[in-house]
$ cat entry_2.tsv   # TSV, C-alpha atoms and all ligand atoms
chain	number	residue	atom	x	y	z
M	216	MET	CA	-1.94	7.78	8.65
M	217	VAL	CA	1.19	5.94	7.51
M	218	LYS	CA	4.50	7.72	6.82
M	219	PRO	CA	4.93	7.95	3.03
M	220	HIS	CA	7.83	6.50	1.11
M	221	VAL	CA	9.89	9.13	-0.69
M	222	LYS	CA	11.26	8.75	-4.20
M	223	ILE	CA	13.82	11.32	-5.28
M	224	CYS	CA	13.74	11.64	-9.04
M	225	CYS	CA	16.05	13.08	-11.74
M	226	ILE	CA	19.11	11.52	-10.09
M	227	SER	CA	22.10	12.20	-12.35
M	228	SER	CA	25.14	10.64	-10.61
M	229	ILE	CA	26.20	7.95	-8.15
M	230	GLU	CA	26.88	10.72	-5.61
M	231	GLU	CA	23.33	12.11	-5.96
M	232	ALA	CA	21.89	8.62	-5.52
M	233	LYS	CA	23.88	8.14	-2.32
M	234	MET	CA	22.89	11.57	-1.00
M	235	ALA	CA	19.17	10.94	-1.61
M	236	ILE	CA	19.33	7.54	0.11
M	237	ASP	CA	21.34	8.90	3.07
M	238	TYR	CA	18.65	11.52	3.70
M	239	GLY	CA	15.86	8.93	3.65
M	240	ALA	CA	14.76	8.13	0.09
M	241	SER	CA	13.46	4.59	-0.37
M	242	ALA	CA	13.54	4.92	-4.16
M	243	ILE	CA	15.40	6.92	-6.78
M	244	GLY	CA	14.23	7.90	-10.26
M	245	LEU	CA	16.49	7.72	-13.33
M	246	VAL	CA	15.05	9.55	-16.32
M	247	GLY	CA	15.60	8.09	-19.79
M	248	ASN	CA	15.03	9.93	-23.06
M	249	MET	CA	12.02	12.32	-22.88
M	250	PRO	CA	10.38	14.83	-25.24
M	251	SER	CA	10.94	17.55	-22.58
M	252	GLY	CA	12.01	17.95	-18.96
M	253	PRO	CA	15.04	18.69	-16.80
M	254	GLY	CA	16.09	15.23	-15.62
M	255	VAL	CA	17.15	13.20	-18.69
M	256	ILE	CA	20.39	11.18	-18.53
M	257	ALA	CA	21.97	8.59	-20.85
M	258	ASP	CA	21.03	4.92	-20.52
M	259	ASP	CA	24.61	3.83	-19.76
M	260	LEU	CA	24.68	6.27	-16.84
M	261	ILE	CA	21.32	4.91	-15.60
M	262	TYR	CA	22.86	1.42	-15.66
M	263	GLU	CA	26.00	2.60	-13.79
M	264	ILE	CA	23.98	4.38	-11.08
M	265	ALA	CA	21.38	1.61	-10.66
M	266	LYS	CA	23.99	-1.08	-10.04
M	267	THR	CA	25.44	0.85	-7.07
M	268	VAL	CA	22.10	1.12	-5.25
M	269	PRO	CA	21.67	-1.43	-2.43
M	270	SER	CA	18.53	-3.45	-1.78
M	271	PRO	CA	15.86	-2.68	-0.53
M	272	ILE	CA	16.11	0.73	-2.20
M	273	SER	CA	14.18	0.75	-5.49
M	274	THR	CA	15.58	2.11	-8.74
M	275	PHE	CA	13.00	3.43	-11.22
M	276	LEU	CA	13.73	3.66	-14.94
M	277	LEU	CA	11.51	6.40	-16.38
M	278	THR	CA	10.70	5.53	-19.97
M	279	SER	CA	8.67	7.45	-22.56
M	280	GLU	CA	8.54	4.45	-24.89
M	281	THR	CA	4.97	3.51	-25.80
M	282	LYS	CA	5.33	-0.01	-27.22
M	283	ALA	CA	5.92	-3.13	-25.10
M	284	GLU	CA	8.93	-4.31	-27.11
M	285	ASP	CA	10.62	-0.89	-26.89
M	286	ILE	CA	10.02	-0.70	-23.12
M	287	ILE	CA	11.51	-4.18	-22.68
M	288	LYS	CA	14.58	-3.21	-24.74
M	289	HIS	CA	14.96	0.02	-22.76
M	290	TYR	CA	14.81	-1.90	-19.48
M	291	GLN	CA	17.42	-4.41	-20.72
M	292	ARG	CA	19.91	-1.57	-21.22
M	293	VAL	CA	19.61	-0.35	-17.62
M	294	ASN	CA	18.51	-3.20	-15.32
M	295	THR	CA	16.56	-1.26	-12.66
M	296	THR	CA	14.16	-2.78	-10.11
M	297	THR	CA	11.16	-0.89	-11.49
M	298	ILE	CA	9.90	0.63	-14.74
M	299	GLN	CA	7.96	3.90	-14.55
M	300	ILE	CA	5.95	4.30	-17.76
M	301	VAL	CA	5.32	8.00	-18.31
M	302	ASP	CA	3.11	7.84	-21.41
M	303	ALA	CA	-0.05	5.87	-22.21
M	304	LEU	CA	0.11	2.22	-23.39
M	305	LYS	CA	-2.33	-0.15	-25.02
M	306	VAL	CA	-3.80	-2.41	-22.32
M	307	SER	CA	-2.39	-5.52	-24.05
M	308	ASP	CA	1.18	-4.18	-23.69
M	309	TYR	CA	1.23	-4.59	-19.89
M	310	ASP	CA	0.84	-8.34	-20.18
M	311	ILE	CA	3.64	-8.59	-22.75
M	312	ILE	CA	6.00	-6.64	-20.48
M	313	LYS	CA	5.03	-8.68	-17.39
M	314	LYS	CA	5.61	-11.97	-19.19
M	315	ALA	CA	9.03	-10.80	-20.46
M	316	LEU	CA	10.11	-9.20	-17.17
M	317	PRO	CA	8.20	-10.96	-14.35
M	318	HIS	CA	10.67	-9.77	-11.68
M	319	VAL	CA	10.28	-6.08	-12.54
M	320	LYS	CA	7.66	-3.80	-10.94
M	321	LEU	CA	5.55	-1.63	-13.25
M	322	VAL	CA	4.45	1.85	-12.25
M	323	GLN	CA	2.16	3.79	-14.60
M	324	VAL	CA	2.09	7.59	-14.57
M	325	ILE	CA	-1.31	9.26	-14.81
M	326	HIS	CA	-1.28	12.99	-15.58
M	327	VAL	CA	-4.02	14.45	-13.44
M	328	ILE	CA	-5.91	16.93	-15.61
M	329	ASP	CA	-9.64	16.54	-14.91
M	330	GLU	CA	-12.32	13.98	-13.96
M	331	THR	CA	-11.36	11.78	-16.91
M	332	SER	CA	-8.02	11.18	-15.16
M	333	VAL	CA	-9.91	9.38	-12.36
M	334	ARG	CA	-11.47	6.95	-14.84
M	335	GLU	CA	-8.13	6.47	-16.57
M	336	ALA	CA	-6.40	5.72	-13.25
M	337	VAL	CA	-9.02	3.19	-12.14
M	338	GLU	CA	-8.84	1.38	-15.50
M	339	VAL	CA	-5.02	1.22	-15.62
M	340	SER	CA	-4.72	0.18	-11.96
M	341	GLN	CA	-5.78	-3.35	-12.94
M	342	TYR	CA	-2.59	-3.91	-14.92
M	343	VAL	CA	0.30	-2.44	-12.89
M	344	ASP	CA	1.91	-2.62	-9.44
M	345	ALA	CA	1.48	1.07	-8.60
M	346	LEU	CA	0.29	4.37	-10.05
M	347	LEU	CA	2.15	7.68	-9.96
M	348	LEU	CA	0.01	10.80	-10.26
M	349	ASP	CA	1.88	13.68	-11.84
M	350	SER	CA	1.33	17.11	-13.36
M	351	GLY	CA	1.92	17.67	-17.06
M	352	ASN	CA	0.10	17.27	-20.33
M	353	PRO	CA	0.69	14.43	-22.78
M	354	ASN	CA	-1.68	16.10	-25.28
M	355	LEU	CA	0.64	19.02	-26.10
M	356	LYS	CA	2.57	19.08	-29.41
M	357	VAL	CA	5.78	18.65	-27.41
M	358	LYS	CA	4.55	16.30	-24.71
M	359	GLU	CA	5.03	17.46	-21.13
M	360	LEU	CA	5.37	14.20	-19.18
M	361	GLY	CA	6.93	15.26	-15.86
M	362	GLY	CA	9.47	17.33	-14.00
M	363	THR	CA	7.19	20.39	-14.29
M	364	GLY	CA	7.58	21.71	-10.74
M	365	ARG	CA	3.81	22.35	-10.74
M	366	THR	CA	1.14	20.89	-8.48
M	367	HIS	CA	-2.21	19.64	-9.79
M	368	ASN	CA	-5.68	19.16	-8.30
M	369	TRP	CA	-4.99	17.09	-5.16
M	370	ASP	CA	-8.75	16.58	-4.60
M	371	LEU	CA	-8.72	14.46	-7.77
M	372	SER	CA	-5.57	12.68	-6.52
M	373	ARG	CA	-7.32	11.88	-3.26
M	374	GLN	CA	-10.36	10.60	-5.19
M	375	ILE	CA	-8.07	8.33	-7.23
M	376	ARG	CA	-6.33	7.04	-4.10
M	377	GLU	CA	-9.72	6.14	-2.61
M	378	SER	CA	-10.82	4.38	-5.82
M	379	ILE	CA	-7.90	1.99	-6.41
M	380	ASN	CA	-6.39	-0.99	-4.59
M	381	ILE	CA	-2.72	-0.58	-5.42
M	382	PRO	CA	-0.05	1.77	-4.01
M	383	LEU	CA	-0.12	5.36	-5.23
M	384	TYR	CA	2.73	7.87	-5.52
M	385	LEU	CA	1.94	11.58	-5.61
M	386	ALA	CA	4.21	13.81	-7.74
M	387	GLY	CA	4.23	17.29	-9.25
M	388	GLY	CA	5.53	20.42	-7.54
M	389	ILE	CA	5.90	18.88	-4.09
M	390	ASN	CA	8.28	20.89	-1.90
M	391	GLN	CA	9.21	21.52	1.73
M	392	ASN	CA	6.41	24.09	2.11
M	393	ASN	CA	3.49	22.10	0.70
M	394	VAL	CA	4.49	18.53	1.56
M	395	VAL	CA	2.61	18.40	4.87
M	396	GLU	CA	-0.61	19.44	3.10
M	397	ALA	CA	0.10	16.89	0.35
M	398	ILE	CA	0.57	14.10	2.90
M	399	GLU	CA	-2.57	14.99	4.87
M	400	LYS	CA	-4.78	15.61	1.86
M	401	VAL	CA	-3.92	12.68	-0.42
M	402	GLN	CA	-2.51	10.14	2.07
M	403	ALA	CA	-0.49	8.53	-0.69
M	404	PHE	CA	1.76	5.49	-0.26
M	405	GLY	CA	4.66	7.53	-1.65
M	406	LEU	CA	5.81	11.01	-2.65
M	407	ASP	CA	7.93	11.72	-5.70
M	408	LEU	CA	9.85	14.90	-6.43
M	409	CYS	CA	12.50	16.38	-8.66
M	410	SER	CA	12.64	20.20	-9.07
M	411	SER	CA	12.22	21.44	-5.50
M	412	VAL	CA	15.32	19.73	-4.05
M	413	ARG	CA	17.69	21.05	-6.73
M	414	THR	CA	19.72	24.20	-7.29
M	415	ASP	CA	20.97	24.87	-10.83
M	416	GLY	CA	19.94	21.31	-11.70
M	417	LYS	CA	22.03	19.65	-8.97
M	418	LEU	CA	20.65	17.86	-5.93
M	419	ASP	CA	20.93	20.29	-2.99
M	420	ALA	CA	21.68	18.77	0.44
M	421	ILE	CA	20.14	21.74	2.29
M	422	LYS	CA	16.85	21.52	0.39
M	423	LEU	CA	16.81	17.73	0.73
M	424	LYS	CA	17.33	17.93	4.50
M	425	ALA	CA	14.58	20.55	4.86
M	426	PHE	CA	12.23	18.38	2.80
M	427	PHE	CA	12.76	15.28	4.93
M	428	GLU	CA	12.42	17.36	8.13
M	429	ALA	CA	9.01	18.52	6.90
M	430	VAL	CA	7.98	14.90	6.11
M	431	ASN	CA	9.18	13.80	9.56
M	432	SER	CA	7.34	16.66	11.30
M	433	VAL	CA	3.97	14.98	10.62
M	434	GLU	CA	2.44	12.73	13.33
M	435	TYR	CA	1.94	9.26	11.86
U	1	LIG	O1	12.40	15.30	-15.06
U	1	LIG	C1	12.19	15.04	-16.24
U	1	LIG	O2	12.92	15.42	-17.16
U	1	LIG	C2	10.98	14.24	-16.57
U	1	LIG	C3	10.52	14.28	-17.86
U	1	LIG	C4	9.44	13.50	-18.22
U	1	LIG	C5	8.83	12.68	-17.29
U	1	LIG	C6	9.28	12.66	-15.97
U	1	LIG	C7	10.34	13.45	-15.60
U	1	LIG	N1	10.77	13.52	-14.29
U	1	LIG	C8	10.57	12.54	-13.36
U	1	LIG	C9	9.57	12.58	-12.30
U	1	LIG	O3	8.88	11.60	-12.12
U	1	LIG	C10	9.45	13.80	-11.43
U	1	LIG	O4	9.88	13.47	-10.16
U	1	LIG	C11	7.99	14.21	-11.38
U	1	LIG	O5	7.60	14.55	-12.67
U	1	LIG	C12	7.81	15.41	-10.43
U	1	LIG	O6	8.65	16.45	-10.82
U	1	LIG	P1	8.62	17.85	-10.07
U	1	LIG	O7	7.29	18.46	-10.31
U	1	LIG	O8	9.73	18.60	-10.69
U	1	LIG	O9	8.87	17.58	-8.62

$ encode --input "entry_2.tsv" --output "structure tokens"
Amino acid sequence: MVKPHVKICCISSIEEAKMAIDYGASAIGLVGNMPSGPGVIADDLIYEIAKTVPSPISTFLLTSETKAEDIIKHYQRVNTTTIQIVDALKVSDYDIIKKALPHVKLVQVIHVIDETSVREAVEVSQYVDALLLDSGNPNLKVKELGGTGRTHNWDLSRQIRESINIPLYLAGGINQNNVVEAIEKVQAFGLDLCSSVRTDGKLDAIKLKAFFEAVNSVEY
């Protein structure tokens, strides 16, 4: 088993970005406008935070835009290393984005709900650099696209990991108490989390430290 990368999401300041990286994050998530969720910040703040982050740490713009041209415009306001697309796109849109932004990595979120999510993941994996499996429900009236603090069916996540040939991040309700099980069960390339390392919405150094200690307690 290989030690997973950790992406700390919902970063809301330069100080939080630095704290996450100092504790061991190899990527940070910066959440743009969303229909719901705890982590949204303004695009100019995303730009300001992203430009302080040193290579090789990745900066993920989370966008809920669903058209290629709107995703490209969103990216151009923030200039991150990676775009995390949290809603479904038409297949033809991936090519348009890749042609416009060939230097930018694309990560597609799949909300793991049932067996159909496995088929969806396998199909989309042809078009992007990585998948991120999250909890949530894009079919609700007010879409729930992430930051739920809830886990989902990790057996399905494992099945998806075994069925695709690109890196996979696991997200949704991961915390210091369940992360060892998450690592062993899904064996994902990366872990992504937001709610469990925060207190009153702010990144909490004690929770962050405990989380990384749990990740480091596994034998790789
Ligand atoms: O946090 C938000 O507001 C959010 C809203 C919509 C999509 C994604 C969002 N958060 C970003 C993430 O990718 C979270 O890290 C991921 O959903 C896991 O969150 P959590 O279950 O709270 O650890």

$ closest_residue --input "entry_2.tsv" --among "M:Val306, M:Met249, M:Ala336, M:Ile261" --to "Gln291 in chain M" --atoms "all atoms listed in the file"
M:Ile261

$ residues_around --input "entry_2.tsv" --residues "Ser378 in chain M" --least-positions-apart "2" --cutoff "9 Å" --atoms "all atoms listed in the file" --output "PyMOL selection string"
chain M and resi 333+336-337+373-376+380

$ closest_residue --input "entry_2.tsv" --among "M:Cys225, M:Ile236, M:Ala265, M:Ile286" --to "ligand LIG 1 (chain U)" --atoms "all atoms listed in the file"
M:Cys225

$ closest_residue --input "entry_2.tsv" --among "M:Leu385, M:Val433, M:Ala425, M:Leu418" --to "Phe404 in chain M" --atoms "only C-alpha atoms"
M:Leu385

$ residues_around --input "entry_2.tsv" --residues "Val401 in chain M" --least-positions-apart "3" --cutoff "7 Å" --atoms "only C-alpha atoms" --output "number ranges by chain"
M: 369, 372-373, 397-398

$ closest_atom_pairs --input "entry_2.tsv" --of "chain M" --to "ligand LIG 1 (chain U)" --cutoff "9 Å" --atoms "only C-alpha atoms and all ligand atoms" --output "CSV"
residue,atom,partner,partner_atom,distance
M:Lys222,CA,U:LIG1,O4,7.7
M:Ile223,CA,U:LIG1,O4,6.6
M:Cys224,CA,U:LIG1,O4,4.4
M:Cys225,CA,U:LIG1,O1,5.4
M:Gly244,CA,U:LIG1,C8,6.7
M:Leu245,CA,U:LIG1,C8,7.6
M:Val246,CA,U:LIG1,C8,6.1
M:Gly247,CA,U:LIG1,O2,8.2
M:Asn248,CA,U:LIG1,C3,8.1
M:Met249,CA,U:LIG1,C4,5.5
M:Pro250,CA,U:LIG1,C4,7.2
M:Ser251,CA,U:LIG1,C3,5.8
M:Gly252,CA,U:LIG1,O2,3.2
M:Pro253,CA,U:LIG1,O2,3.9
M:Gly254,CA,U:LIG1,O2,3.5
M:Val255,CA,U:LIG1,O2,5.0
M:Ile256,CA,U:LIG1,O2,8.7
M:Leu277,CA,U:LIG1,C6,6.7
M:Thr278,CA,U:LIG1,C5,7.9
M:Ser279,CA,U:LIG1,C5,7.4
M:Gln299,CA,U:LIG1,O3,8.1
M:Ile300,CA,U:LIG1,C5,8.9
M:Val301,CA,U:LIG1,C5,5.9
M:Asp302,CA,U:LIG1,C5,8.6
M:Val324,CA,U:LIG1,O3,8.3
M:Leu347,CA,U:LIG1,O3,8.1
M:Leu348,CA,U:LIG1,C11,8.8
M:Asp349,CA,U:LIG1,O5,5.8
M:Ser350,CA,U:LIG1,O5,6.8
M:Gly351,CA,U:LIG1,O5,7.8
M:Lys358,CA,U:LIG1,C4,8.6
M:Glu359,CA,U:LIG1,C4,6.6
M:Leu360,CA,U:LIG1,C5,4.2
M:Gly361,CA,U:LIG1,O5,3.3
M:Gly362,CA,U:LIG1,O6,3.4
M:Thr363,CA,U:LIG1,O7,4.4
M:Gly364,CA,U:LIG1,O7,3.3
M:Arg365,CA,U:LIG1,O7,5.2
M:Thr366,CA,U:LIG1,O7,6.9
M:Leu385,CA,U:LIG1,C12,8.5
M:Ala386,CA,U:LIG1,C12,4.8
M:Gly387,CA,U:LIG1,O7,3.4
M:Gly388,CA,U:LIG1,O7,3.8
M:Ile389,CA,U:LIG1,O9,5.6
M:Asn390,CA,U:LIG1,O9,7.5
M:Leu406,CA,U:LIG1,O4,8.9
M:Asp407,CA,U:LIG1,O4,5.2
M:Leu408,CA,U:LIG1,O9,3.6
M:Cys409,CA,U:LIG1,O9,3.8
M:Ser410,CA,U:LIG1,O8,3.7
M:Ser411,CA,U:LIG1,O9,6.0
M:Val412,CA,U:LIG1,O9,8.2

$ closest_residue --input "entry_2.tsv" --among "M:His326, M:Lys266, M:Glu399, M:Ser432" --to "Leu371 in chain M" --atoms "only C-alpha atoms"
M:His326

$ atom_distance --input "entry_2.tsv" --atom1 "CA of Ser273 in chain M" --atom2 "CA of Ile243 in chain M"
6.4 Å

$ residues_around --input "entry_2.tsv" --residues "Glu428 in chain M" --least-positions-apart "5" --cutoff "10 Å" --atoms "only C-alpha atoms" --output "list in words"
Tyr238, Gln391, Lys422, Leu423 and Val433 of chain M

$ decode --input "entry_2.tsv" --residues "range 281-307 of chain M" --atoms "N, CA and C atoms" --output "PDB file, in the first residue's frame"
ATOM      1  N   THR M 281     -21.076  24.511 -15.205  1.00  0.00           N
ATOM      2  CA  THR M 281     -21.364  23.276 -15.944  1.00  0.00           C
ATOM      3  C   THR M 281     -21.196  23.433 -17.464  1.00  0.00           C
ATOM      4  N   LYS M 282     -20.630  24.567 -17.876  1.00  0.00           N
ATOM      5  CA  LYS M 282     -20.357  24.743 -19.318  1.00  0.00           C
ATOM      6  C   LYS M 282     -18.872  25.034 -19.468  1.00  0.00           C
ATOM      7  N   ALA M 283     -18.265  24.485 -20.538  1.00  0.00           N
ATOM      8  CA  ALA M 283     -16.817  24.637 -20.728  1.00  0.00           C
ATOM      9  C   ALA M 283     -16.388  26.093 -20.673  1.00  0.00           C
ATOM     10  N   GLU M 284     -17.099  26.960 -21.390  1.00  0.00           N
ATOM     11  CA  GLU M 284     -16.656  28.370 -21.456  1.00  0.00           C
ATOM     12  C   GLU M 284     -16.723  29.044 -20.079  1.00  0.00           C
ATOM     13  N   ASP M 285     -17.702  28.665 -19.262  1.00  0.00           N
ATOM     14  CA  ASP M 285     -17.818  29.273 -17.924  1.00  0.00           C
ATOM     15  C   ASP M 285     -16.724  28.729 -16.994  1.00  0.00           C
ATOM     16  N   ILE M 286     -16.357  27.471 -17.160  1.00  0.00           N
ATOM     17  CA  ILE M 286     -15.274  26.897 -16.345  1.00  0.00           C
ATOM     18  C   ILE M 286     -13.946  27.568 -16.722  1.00  0.00           C
ATOM     19  N   ILE M 287     -13.739  27.768 -18.014  1.00  0.00           N
ATOM     20  CA  ILE M 287     -12.498  28.428 -18.460  1.00  0.00           C
ATOM     21  C   ILE M 287     -12.422  29.847 -17.897  1.00  0.00           C
ATOM     22  N   LYS M 288     -13.538  30.575 -17.955  1.00  0.00           N
ATOM     23  CA  LYS M 288     -13.551  31.955 -17.415  1.00  0.00           C
ATOM     24  C   LYS M 288     -13.309  31.941 -15.908  1.00  0.00           C
ATOM     25  N   HIS M 289     -13.920  30.972 -15.227  1.00  0.00           N
ATOM     26  CA  HIS M 289     -13.726  30.887 -13.768  1.00  0.00           C
ATOM     27  C   HIS M 289     -12.247  30.657 -13.459  1.00  0.00           C
ATOM     28  N   TYR M 290     -11.649  29.703 -14.168  1.00  0.00           N
ATOM     29  CA  TYR M 290     -10.222  29.420 -13.971  1.00  0.00           C
ATOM     30  C   TYR M 290      -9.372  30.686 -14.193  1.00  0.00           C
ATOM     31  N   GLN M 291      -9.701  31.429 -15.249  1.00  0.00           N
ATOM     32  CA  GLN M 291      -8.877  32.612 -15.597  1.00  0.00           C
ATOM     33  C   GLN M 291      -8.928  33.700 -14.525  1.00  0.00           C
ATOM     34  N   ARG M 292      -9.926  33.658 -13.662  1.00  0.00           N
ATOM     35  CA  ARG M 292      -9.987  34.632 -12.561  1.00  0.00           C
ATOM     36  C   ARG M 292      -9.118  34.209 -11.373  1.00  0.00           C
ATOM     37  N   VAL M 293      -8.695  32.939 -11.335  1.00  0.00           N
ATOM     38  CA  VAL M 293      -8.042  32.457 -10.101  1.00  0.00           C
ATOM     39  C   VAL M 293      -6.666  31.819 -10.302  1.00  0.00           C
ATOM     40  N   ASN M 294      -6.431  31.245 -11.491  1.00  0.00           N
ATOM     41  CA  ASN M 294      -5.087  30.769 -11.843  1.00  0.00           C
ATOM     42  C   ASN M 294      -4.516  29.690 -10.904  1.00  0.00           C
ATOM     43  N   THR M 295      -5.283  28.657 -10.649  1.00  0.00           N
ATOM     44  CA  THR M 295      -4.817  27.538  -9.820  1.00  0.00           C
ATOM     45  C   THR M 295      -4.083  26.499 -10.687  1.00  0.00           C
ATOM     46  N   THR M 296      -3.515  25.476 -10.056  1.00  0.00           N
ATOM     47  CA  THR M 296      -2.850  24.425 -10.848  1.00  0.00           C
ATOM     48  C   THR M 296      -3.856  23.419 -11.401  1.00  0.00           C
ATOM     49  N   THR M 297      -5.029  23.348 -10.770  1.00  0.00           N
ATOM     50  CA  THR M 297      -5.971  22.254 -11.017  1.00  0.00           C
ATOM     51  C   THR M 297      -7.397  22.798 -10.936  1.00  0.00           C
ATOM     52  N   ILE M 298      -8.276  22.216 -11.758  1.00  0.00           N
ATOM     53  CA  ILE M 298      -9.713  22.541 -11.653  1.00  0.00           C
ATOM     54  C   ILE M 298     -10.443  21.286 -11.177  1.00  0.00           C
ATOM     55  N   GLN M 299     -11.195  21.428 -10.100  1.00  0.00           N
ATOM     56  CA  GLN M 299     -12.045  20.336  -9.610  1.00  0.00           C
ATOM     57  C   GLN M 299     -13.474  20.676 -10.003  1.00  0.00           C
ATOM     58  N   ILE M 300     -14.036  19.862 -10.902  1.00  0.00           N
ATOM     59  CA  ILE M 300     -15.380  20.107 -11.431  1.00  0.00           C
ATOM     60  C   ILE M 300     -16.352  19.321 -10.565  1.00  0.00           C
ATOM     61  N   VAL M 301     -17.256  20.034  -9.869  1.00  0.00           N
ATOM     62  CA  VAL M 301     -18.077  19.337  -8.868  1.00  0.00           C
ATOM     63  C   VAL M 301     -19.455  18.950  -9.378  1.00  0.00           C
ATOM     64  N   ASP M 302     -19.783  19.347 -10.610  1.00  0.00           N
ATOM     65  CA  ASP M 302     -21.083  18.958 -11.175  1.00  0.00           C
ATOM     66  C   ASP M 302     -20.819  18.258 -12.512  1.00  0.00           C
ATOM     67  N   ALA M 303     -21.858  17.673 -13.082  1.00  0.00           N
ATOM     68  CA  ALA M 303     -21.671  16.883 -14.314  1.00  0.00           C
ATOM     69  C   ALA M 303     -21.531  17.784 -15.542  1.00  0.00           C
ATOM     70  N   LEU M 304     -20.675  17.356 -16.479  1.00  0.00           N
ATOM     71  CA  LEU M 304     -20.476  18.079 -17.753  1.00  0.00           C
ATOM     72  C   LEU M 304     -20.885  17.199 -18.920  1.00  0.00           C
ATOM     73  N   LYS M 305     -21.096  17.848 -20.063  1.00  0.00           N
ATOM     74  CA  LYS M 305     -21.221  17.076 -21.318  1.00  0.00           C
ATOM     75  C   LYS M 305     -19.826  16.574 -21.661  1.00  0.00           C
ATOM     76  N   VAL M 306     -19.721  15.380 -22.215  1.00  0.00           N
ATOM     77  CA  VAL M 306     -18.422  14.797 -22.542  1.00  0.00           C
ATOM     78  C   VAL M 306     -17.587  15.725 -23.434  1.00  0.00           C
ATOM     79  N   SER M 307     -18.250  16.406 -24.376  1.00  0.00           N
ATOM     80  CA  SER M 307     -17.521  17.268 -25.322  1.00  0.00           C
ATOM     81  C   SER M 307     -16.865  18.467 -24.617  1.00  0.00           C
TER      82      SER M 307
END
